[in-house]
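Structure data follow from model-v3.cif (mmCIF, C-alpha atoms (C1' of nucleotides)):
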data_coords
#
loop_
_atom_site.label_atom_id
_atom_site.label_comp_id
_atom_site.auth_asym_id
_atom_site.auth_seq_id
_atom_site.Cartn_x
_atom_site.Cartn_y
_atom_site.Cartn_z
CA MET A 255 0.00 0.00 0.00
CA SER A 256 2.53 2.56 1.05
CA ILE A 257 5.41 2.80 -1.37
CA PHE A 258 8.08 5.08 -0.09
CA PHE A 259 6.44 6.78 2.90
CA SER A 260 4.62 5.15 5.81
CA ARG A 261 0.86 5.28 5.66
CA GLN A 262 0.88 7.75 8.53
CA CYS A 263 3.15 9.97 6.48
CA GLU A 264 0.87 9.74 3.45
CA TYR A 265 -2.02 10.83 5.66
CA ALA A 266 0.08 13.70 7.00
CA ILE A 267 0.93 14.91 3.50
CA GLN A 268 -2.67 14.76 2.33
CA SER A 269 -3.81 16.61 5.45
CA ALA A 270 -1.16 19.28 5.04
CA VAL A 271 -2.19 19.86 1.43
CA TYR A 272 -5.81 20.17 2.50
CA ILE A 273 -4.97 22.68 5.21
CA ALA A 274 -2.71 24.62 2.84
CA LYS A 275 -5.71 25.31 0.61
CA LYS A 276 -7.35 27.33 3.37
CA GLN A 277 -7.12 31.10 3.75
CA VAL A 278 -4.61 32.40 6.28
CA GLY A 279 -6.36 32.70 9.63
CA GLU A 280 -8.78 29.85 9.00
CA TRP A 281 -8.72 26.79 11.24
CA THR A 282 -9.35 23.25 10.05
CA THR A 283 -10.89 20.71 12.41
CA VAL A 284 -10.23 16.99 12.43
CA LYS A 285 -13.91 16.50 11.72
CA GLU A 286 -13.82 18.55 8.55
CA LEU A 287 -10.55 17.02 7.43
CA THR A 288 -11.68 13.43 7.81
CA GLY A 289 -14.95 14.30 6.14
CA HIS A 290 -13.04 15.11 2.96
CA LEU A 291 -10.01 12.82 3.21
CA ASN A 292 -9.97 9.09 3.58
CA VAL A 293 -8.25 9.15 6.98
CA PRO A 294 -9.63 7.58 10.20
CA TYR A 295 -10.88 10.26 12.61
CA HIS A 296 -8.93 9.43 15.76
CA PHE A 297 -5.80 8.52 13.86
CA SER A 298 -5.98 11.88 12.12
CA GLY A 299 -6.06 13.60 15.51
CA LYS A 300 -2.88 11.82 16.55
CA ILE A 301 -1.11 12.75 13.33
CA LEU A 302 -2.04 16.43 13.48
CA GLN A 303 -1.08 16.65 17.15
CA ASN A 304 2.29 15.20 16.24
CA LEU A 305 2.74 17.71 13.44
CA SER A 306 1.99 20.57 15.82
CA ARG A 307 4.45 19.22 18.39
CA LYS A 308 7.03 19.19 15.60
CA GLY A 309 6.25 22.82 14.79
CA VAL A 310 4.75 22.24 11.37
CA LEU A 311 1.21 23.07 12.47
CA ILE A 312 -0.30 25.20 15.22
CA SER A 313 -3.45 24.26 17.06
CA MET A 314 -6.23 25.89 19.01
CA LYS A 315 -8.64 24.25 21.39
CA GLY A 316 -12.27 25.13 21.83
CA THR A 317 -15.36 25.86 19.80
CA ARG A 318 -13.73 27.72 16.95
CA GLY A 319 -10.48 25.83 17.22
CA GLY A 320 -8.63 23.45 14.93
CA PHE A 321 -5.31 23.26 13.14
CA ALA A 322 -3.45 25.60 10.81
CA LEU A 323 -0.02 25.92 9.23
CA ALA A 324 2.64 27.37 11.50
CA LYS A 325 4.28 29.13 8.53
CA PRO A 326 3.07 30.43 5.15
CA ALA A 327 2.40 27.57 2.72
CA LYS A 328 5.16 28.84 0.46
CA GLU A 329 7.71 28.26 3.20
CA VAL A 330 6.71 24.70 4.12
CA THR A 331 8.18 21.99 1.92
CA LEU A 332 7.04 18.44 1.42
CA PHE A 333 10.31 17.38 2.98
CA ASP A 334 9.36 19.23 6.18
CA ILE A 335 6.30 17.00 6.49
CA VAL A 336 8.12 13.77 5.62
CA ASP A 337 10.96 14.59 7.97
CA ALA A 338 8.55 15.32 10.82
CA VAL A 339 6.76 11.98 10.43
CA ASP A 340 9.16 9.41 8.96
CA GLY A 341 12.47 11.09 9.61
CA SER A 342 15.23 11.23 7.03
CA ALA A 343 16.95 7.87 7.49
CA PHE A 344 16.49 7.20 3.77
CA HIS A 345 19.30 9.68 3.32
CA THR A 346 21.92 7.53 5.02
CA ALA A 347 20.88 3.88 5.10
CA CYS A 348 21.94 1.30 2.51
CA VAL A 349 19.12 0.55 0.09
CA MET A 350 19.84 -3.19 0.23
CA GLY A 351 20.40 -3.13 3.98
CA PHE A 352 24.05 -4.19 3.98
CA PRO A 353 25.18 -3.35 7.51
CA LYS A 354 28.70 -2.26 6.63
CA CYS A 355 27.78 -0.25 3.55
CA GLY A 356 29.24 3.24 3.81
CA ASP A 357 31.94 5.41 2.38
CA GLY A 358 34.62 2.82 3.08
CA HIS A 359 32.76 -0.27 1.92
CA LYS A 360 30.23 0.71 -0.67
CA CYS A 361 27.68 -1.78 -1.93
CA SER A 362 27.20 -2.32 -5.63
CA LEU A 363 24.26 0.09 -5.79
CA HIS A 364 25.72 2.72 -3.48
CA ASP A 365 26.59 5.43 -5.99
CA GLN A 366 23.55 4.89 -8.21
CA TRP A 367 21.22 4.98 -5.25
CA HIS A 368 22.98 8.03 -3.85
CA LEU A 369 22.15 9.88 -7.06
CA LEU A 370 18.53 8.76 -7.10
CA ARG A 371 17.82 9.52 -3.48
CA GLU A 372 19.31 12.96 -3.97
CA LYS A 373 16.82 13.50 -6.77
CA ILE A 374 14.02 12.30 -4.52
CA TYR A 375 15.21 14.69 -1.84
CA GLN A 376 15.29 17.56 -4.35
CA MET A 377 11.78 16.66 -5.44
CA LEU A 378 10.59 16.88 -1.84
CA VAL A 379 12.51 19.96 -0.80
CA LYS A 380 11.64 21.99 -3.87
CA LYS A 381 7.90 21.35 -3.63
CA SER A 382 6.13 23.66 -1.22
CA LEU A 383 2.68 23.08 0.18
CA ASN A 384 1.64 26.11 -1.83
CA ASP A 385 2.81 24.42 -5.04
CA LEU A 386 0.96 21.26 -4.14
CA ALA A 387 -2.27 23.02 -3.21
CA ARG A 388 -2.18 25.08 -6.40
CA ASP A 389 -1.42 22.11 -8.67
CA MET A 390 -4.13 19.96 -7.20
CA ASP A 391 -6.75 22.59 -7.97
CA LYS A 392 -6.01 22.55 -11.69
CA PRO A 393 -8.31 20.56 -13.97
CA GLY A 394 -6.90 17.07 -14.41
CA TYR A 395 -5.19 17.34 -11.05
CA GLN A 396 -8.29 17.37 -8.86
CA ILE A 397 -8.02 14.70 -6.25
CA LEU A 398 -9.58 15.98 -3.06
CA PRO A 399 -13.38 16.13 -3.36
CA MET B 295 15.53 0.58 9.14
CA SER B 296 14.30 -0.52 5.79
CA ILE B 297 14.20 2.28 3.27
CA PHE B 298 12.64 1.19 0.05
CA PHE B 299 12.38 -2.58 0.43
CA SER B 300 10.92 -4.55 3.33
CA ARG B 301 13.43 -6.05 5.72
CA GLN B 302 12.54 -9.48 4.43
CA CYS B 303 13.38 -8.28 0.94
CA GLU B 304 16.71 -6.88 2.08
CA TYR B 305 17.51 -10.28 3.61
CA ALA B 306 16.48 -11.97 0.36
CA ILE B 307 18.76 -9.75 -1.71
CA GLN B 308 21.74 -10.27 0.58
CA SER B 309 21.14 -14.02 0.56
CA ALA B 310 20.84 -14.12 -3.22
CA VAL B 311 24.12 -12.23 -3.60
CA TYR B 312 25.83 -14.66 -1.24
CA ILE B 313 24.52 -17.67 -3.14
CA ALA B 314 25.46 -16.10 -6.46
CA LYS B 315 29.11 -16.09 -5.39
CA LYS B 316 29.12 -19.87 -5.26
CA GLN B 317 30.25 -22.13 -8.09
CA VAL B 318 27.53 -23.66 -10.24
CA GLY B 319 26.53 -26.99 -8.72
CA GLU B 320 27.31 -25.94 -5.14
CA TRP B 321 24.57 -25.86 -2.55
CA THR B 322 24.30 -23.29 0.23
CA THR B 323 22.69 -24.24 3.52
CA VAL B 324 20.74 -21.93 5.79
CA LYS B 325 23.31 -22.63 8.47
CA GLU B 326 26.20 -21.42 6.33
CA LEU B 327 24.26 -18.43 5.07
CA THR B 328 23.23 -17.18 8.49
CA GLY B 329 26.76 -17.77 9.73
CA HIS B 330 27.98 -15.13 7.32
CA LEU B 331 24.98 -12.84 7.02
CA ASN B 332 23.17 -11.01 9.78
CA VAL B 333 19.88 -12.81 9.19
CA PRO B 334 17.98 -14.87 11.80
CA TYR B 335 18.27 -18.61 11.12
CA HIS B 336 14.63 -19.64 11.01
CA PHE B 337 13.54 -16.51 9.23
CA SER B 338 16.17 -17.17 6.60
CA GLY B 339 14.70 -20.60 6.03
CA LYS B 340 11.28 -19.11 5.38
CA ILE B 341 12.67 -16.55 2.97
CA LEU B 342 14.66 -19.06 0.94
CA GLN B 343 11.73 -21.46 0.81
CA ASN B 344 9.61 -18.63 -0.55
CA LEU B 345 12.21 -17.80 -3.18
CA SER B 346 12.28 -21.41 -4.31
CA ARG B 347 8.49 -21.54 -4.51
CA LYS B 348 8.69 -18.44 -6.71
CA GLY B 349 11.20 -20.17 -8.96
CA VAL B 350 14.18 -17.96 -8.16
CA LEU B 351 16.00 -20.67 -6.23
CA ILE B 352 16.01 -24.46 -6.26
CA SER B 353 16.38 -26.55 -3.14
CA MET B 354 17.49 -29.98 -2.12
CA LYS B 355 16.76 -31.79 1.11
CA GLY B 356 19.12 -34.06 2.97
CA THR B 357 22.67 -34.22 4.14
CA ARG B 358 24.30 -32.55 1.16
CA GLY B 359 21.31 -30.37 0.41
CA GLY B 360 20.71 -26.66 0.50
CA PHE B 361 19.73 -23.90 -1.90
CA ALA B 362 21.07 -22.74 -5.25
CA LEU B 363 20.08 -20.38 -8.04
CA ALA B 364 17.50 -21.74 -10.46
CA LYS B 365 19.17 -19.88 -13.34
CA PRO B 366 22.68 -18.63 -14.08
CA ALA B 367 23.54 -15.55 -12.00
CA LYS B 368 23.82 -13.49 -15.17
CA GLU B 369 20.18 -14.13 -15.95
CA VAL B 370 18.73 -13.23 -12.53
CA THR B 371 18.16 -9.54 -11.94
CA LEU B 372 17.74 -7.69 -8.69
CA PHE B 373 14.22 -6.91 -9.81
CA ASP B 374 13.46 -10.64 -9.96
CA ILE B 375 14.26 -10.89 -6.25
CA VAL B 376 12.38 -7.73 -5.28
CA ASP B 377 9.37 -8.74 -7.33
CA ALA B 378 9.30 -12.20 -5.76
CA VAL B 379 9.32 -10.80 -2.21
CA ASP B 380 7.74 -7.34 -2.19
CA GLY B 381 5.92 -7.40 -5.50
CA SER B 382 5.94 -4.48 -7.89
CA ALA B 383 3.19 -2.24 -6.50
CA PHE B 384 5.68 0.65 -6.35
CA HIS B 385 5.24 0.76 -10.10
CA THR B 386 1.59 1.78 -9.98
CA ALA B 387 0.68 3.32 -6.62
CA CYS B 388 0.65 7.06 -5.89
CA VAL B 389 3.72 8.07 -3.91
CA MET B 390 1.65 10.34 -1.64
CA GLY B 391 -1.15 7.79 -1.39
CA PHE B 392 -3.86 9.88 -3.03
CA PRO B 393 -6.57 7.33 -3.75
CA LYS B 394 -7.76 8.78 -7.05
CA CYS B 395 -4.33 9.55 -8.45
CA GLY B 396 -4.00 8.02 -11.90
CA ASP B 397 -3.83 8.94 -15.54
CA GLY B 398 -7.04 10.96 -15.30
CA HIS B 399 -6.36 12.76 -12.04
CA LYS B 400 -2.66 13.07 -11.54
CA CYS B 401 -1.25 14.33 -8.25
CA SER B 402 1.28 17.11 -8.19
CA LEU B 403 4.21 14.71 -8.04
CA HIS B 404 2.84 12.18 -10.49
CA ASP B 405 5.08 12.88 -13.48
CA GLN B 406 8.24 13.54 -11.49
CA TRP B 407 7.78 10.39 -9.48
CA HIS B 408 6.99 8.40 -12.61
CA LEU B 409 10.39 9.37 -13.97
CA LEU B 410 12.22 8.54 -10.78
CA ARG B 411 10.59 5.20 -10.19
CA GLU B 412 11.37 4.28 -13.79
CA LYS B 413 15.02 4.99 -13.03
CA ILE B 414 14.78 2.87 -9.91
CA TYR B 415 13.25 0.09 -11.97
CA GLN B 416 16.03 0.37 -14.55
CA MET B 417 18.59 0.23 -11.77
CA LEU B 418 17.05 -3.01 -10.51
CA VAL B 419 16.40 -4.68 -13.82
CA LYS B 420 19.82 -3.91 -15.27
CA LYS B 421 21.74 -5.26 -12.29
CA SER B 422 22.21 -9.03 -12.36
CA LEU B 423 23.20 -11.13 -9.39
CA ASN B 424 26.43 -11.75 -11.26
CA ASP B 425 27.14 -8.01 -11.40
CA LEU B 426 26.40 -7.66 -7.70
CA ALA B 427 28.54 -10.63 -6.68
CA ARG B 428 31.44 -9.39 -8.82
CA ASP B 429 31.24 -5.80 -7.56
CA MET B 430 31.11 -6.80 -3.94
CA ASP B 431 34.32 -8.77 -4.28
CA LYS B 432 36.30 -5.75 -5.42
CA PRO B 433 38.46 -3.94 -2.85
CA GLY B 434 36.45 -1.14 -1.28
CA TYR B 435 33.27 -3.05 -2.01
CA GLN B 436 33.77 -5.94 0.40
CA ILE B 437 30.78 -6.25 2.64
CA LEU B 438 30.18 -9.92 3.29
CA PRO B 439 32.84 -11.37 5.63
"C1'" DT C 26 18.86 -50.25 8.03
"C1'" DT C 27 20.01 -46.71 11.05
"C1'" DA C 28 21.71 -42.17 12.10
"C1'" DA C 29 22.68 -37.66 10.69
"C1'" DT C 30 21.50 -33.55 8.27
"C1'" DA C 31 19.12 -30.86 5.43
"C1'" DT C 32 14.53 -28.56 3.69
"C1'" DC C 33 9.34 -28.19 4.36
"C1'" DG C 34 4.95 -26.92 6.49
"C1'" DG C 35 2.30 -24.97 9.76
"C1'" DA C 36 1.43 -23.13 14.08
"C1'" DC C 37 3.07 -19.98 17.31
"C1'" DA C 38 5.28 -15.66 19.67
"C1'" DA C 39 7.16 -10.99 19.66
"C1'" DA C 40 7.66 -6.38 17.80
"C1'" DT C 41 6.01 -2.64 15.29
"C1'" DA C 42 2.55 0.05 12.85
"C1'" DA C 43 -2.14 1.35 12.47
"C1'" DG C 44 -6.27 2.52 14.50
"C1'" DT C 45 -9.68 3.30 18.72
"C1'" DC C 46 -11.51 4.90 23.05
"C1'" DT C 47 -11.99 7.78 27.17
"C1'" DG C 48 -11.45 11.38 30.22
"C1'" DA C 49 -9.17 15.94 30.79
"C1'" DT C 50 -8.55 20.69 29.34
"C1'" DA C 51 -9.30 25.01 26.94
"C1'" DA C 52 -11.97 28.38 24.25
"C1'" DA C 53 -16.32 30.34 22.54
"C1'" DT C 54 -21.18 31.12 23.03
"C1'" DA C 55 -25.59 31.30 25.17
"C1'" DT D 89 -21.90 30.35 34.81
"C1'" DA D 90 -23.18 26.38 32.11
"C1'" DT D 91 -22.97 24.22 27.69
"C1'" DT D 92 -20.91 23.09 23.59
"C1'" DT D 93 -17.09 22.00 20.80
"C1'" DA D 94 -12.69 21.52 19.91
"C1'" DT D 95 -7.65 19.68 20.94
"C1'" DC D 96 -4.71 16.84 24.19
"C1'" DA D 97 -2.71 12.83 26.59
"C1'" DG D 98 -2.40 8.26 27.46
"C1'" DA D 99 -3.98 3.68 27.57
"C1'" DC D 100 -5.86 0.31 24.80
"C1'" DT D 101 -6.99 -2.87 20.68
"C1'" DT D 102 -6.16 -4.64 16.08
"C1'" DA D 103 -3.38 -5.74 12.03
"C1'" DT D 104 0.90 -6.57 9.88
"C1'" DT D 105 5.56 -7.75 9.85
"C1'" DT D 106 9.19 -10.10 11.82
"C1'" DG D 107 11.02 -13.88 14.09
"C1'" DT D 108 10.68 -18.77 16.52
"C1'" DC D 109 9.65 -23.60 17.31
"C1'" DC D 110 8.61 -28.32 16.21
"C1'" DG D 111 7.40 -32.37 13.87
"C1'" DA D 112 7.46 -34.41 9.17
"C1'" DT D 113 9.97 -35.62 5.04
"C1'" DA D 114 13.78 -36.42 1.97
"C1'" DT D 115 18.68 -37.43 1.09
"C1'" DT D 116 23.26 -39.11 2.26
"C1'" DA D 117 26.53 -41.91 4.64
"C1'" DA D 118 27.94 -45.23 8.04
#
This structure in structure tokens:
Amino acid sequence: MSIFFSRQCEYAIQSAVYIAKKQVGEWTTVKELTGHLNVPYHFSGKILQNLSRKGVLISMKGTRGGFALAKPAKEVTLFDIVDAVDGSAFHTACVMGFPKCGDGHKCSLHDQWHLLREKIYQMLVKKSLNDLARDMDKPGYQILP
Amino acid sequence: MSIFFSRQCEYAIQSAVYIAKKQVGEWTTVKELTGHLNVPYHFSGKILQNLSRKGVLISMKGTRGGFALAKPAKEVTLFDIVDAVDGSAFHTACVMGFPKCGDGHKCSLHDQWHLLREKIYQMLVKKSLNDLARDMDKPGYQILP
DNA sequence: TTAATATCGGACAAATAAGTCTGATAAATA
DNA sequence: TATTTATCAGACTTATTTGTCCGATATTAA
């Protein structure tokens, strides 16, 4: 099911994109979010709480409360979300899991994989939540209902 | 721990590389394998049995038994191993997990990711077990003890 | 034929990830 | 102030992955 990110991380990304579509100053509740996304209600709560502990989101309790981005959507990258949820171990670990693989003893895929994962990193770090939200509103890109 | 492949798949790859270093006609036992690799004994058995069910390995019971490649190491690609263990869902699923992402409704990363995963696929399908075994015997590439 | 040594099959146990529930707390509104 | 509605914290359950155990079967060698 999940390919490169954990399922929790996929949920986090989708939620962040949804929230990034909102006007500045608007709050998004878990109820609204899970009404539009295919994410379990209580699990969503956990994920958003985690993102606000990590400083990606801010939260407000009470009747008109909810979650919002801690920074402008232009300044939050996809990598920020991934890093907050899954970490960035993919940047150092051997793709085939060889324990000794490193600069001294490189595995047969080491250099190739290094290049590819750098491209993946660039893809994540260059894409802001603003980019994502904008793209997914274009015709042919619509995904969220 | 595991980055792109499941841990079981990492074990399978490492085991396949080890076996590919053997002469044609030699059998490798689970005991020998787990003596050299950092893979749990009984788990290793399961993994190799699975690979032989999938036709990647052949097996022989009894005193001089063990496992061996079903085909010459030149003809077995890394993708064959990955496909046998983890499948090839990474080829079709949306990297951010958007349920409706497809040719009609592409997500914002769709095309970029398509390119990258094709490069990953090429990396896997172009690398034979023979290549891997050869590379990992070179100085600076040594990983298996 | 017997003993030793290997895979095979299935059930089982442990660890991790995913998902749920409940009571507490804080903010807004009546 | 009381009620409503939201997040928050932690314990809990379920599902999946990882890892273990044991008895059966097949092969070799004494």
### Task
Check every residue of chain B for an atom within 7 Å of chain A, counting all atoms listed in the file, and provide those that qualify as number ranges by chain.
B: 296-298, 304, 307, 384, 389-391, 394-395, 398-402, 426, 429-430, 434-437
Saved selection, atoms kept: C-alpha atoms, as a compact mmCIF listing (two decimals), keeping the file's coordinate frame:
# COMPACT_ATOMS: atom_id res chain seq x y z
CA SER B 296 14.30 -0.52 5.79
CA ILE B 297 14.20 2.28 3.27
CA PHE B 298 12.64 1.19 0.05
CA GLU B 304 16.71 -6.88 2.08
CA ILE B 307 18.76 -9.75 -1.71
CA PHE B 384 5.68 0.65 -6.35
CA VAL B 389 3.72 8.07 -3.91
CA MET B 390 1.65 10.34 -1.64
CA GLY B 391 -1.15 7.79 -1.39
CA LYS B 394 -7.76 8.78 -7.05
CA CYS B 395 -4.33 9.55 -8.45
CA GLY B 398 -7.04 10.96 -15.30
CA HIS B 399 -6.36 12.76 -12.04
CA LYS B 400 -2.66 13.07 -11.54
CA CYS B 401 -1.25 14.33 -8.25
CA SER B 402 1.28 17.11 -8.19
CA LEU B 426 26.40 -7.66 -7.70
CA ASP B 429 31.24 -5.80 -7.56
CA MET B 430 31.11 -6.80 -3.94
CA GLY B 434 36.45 -1.14 -1.28
CA TYR B 435 33.27 -3.05 -2.01
CA GLN B 436 33.77 -5.94 0.40
CA ILE B 437 30.78 -6.25 2.64
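Interatomic distance, atom CA of Glu412 of chain B to atom CA of Asn384 of chain A: 26.7 Å.
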### Query
So which residues get picked by the PyMOL selection byres ((chain B) within 6 of (chain D)) here, written as an NGL selection string?
:B and (355-357)
Export of the given selection (C-alpha atoms) as a PDB file, in the frame of the given file:
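Below is the file that was written, again.pdb:
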ATOM      1  CA  LYS B 355      16.760 -31.790   1.110  1.00  0.00           C
ATOM      2  CA  GLY B 356      19.120 -34.060   2.970  1.00  0.00           C
ATOM      3  CA  THR B 357      22.670 -34.220   4.140  1.00  0.00           C
TER       4      THR B 357
END
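Taking atom CA of Tyr335 of chain B as the reference point, atom CA of Ala378 of chain B is found at 20.2 Å.
Every residue that the PyMOL selection byres ((chain C) within 12 of (chain B)) selects in this file is listed here: DA28, DA29, DT30, DA31, DT32, DC33, DG34, DG35 and DT41 of chain C.
Counting from atom CA of Lys380 of chain A, the distance to atom CA of Thr331 of chain A is 6.7 Å.
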Assuming 4 Å of padding per side, give the centre and edge lengths of the axis-aligned box around every listed atom of segment 415-427 of chain B, in Å to one decimal and as lines of an AutoDock Vina configuration file.
center_x = 20.9
center_y = -5.7
center_z = -11.0
size_x = 23.3
size_y = 20.1
size_z = 16.6
### Task
Tell me which residues the PyMOL selection byres ((chain A and resi 279) around 12) grabs here, as a ChimeraX atom specification.
/A:273-278,280-282,312-314,318-326
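With distances restricted to all atoms listed in the file, B:Leu372 is the closest residue to Tyr415 of chain B from B:His330, B:Asp380, B:Val350, B:Leu372.
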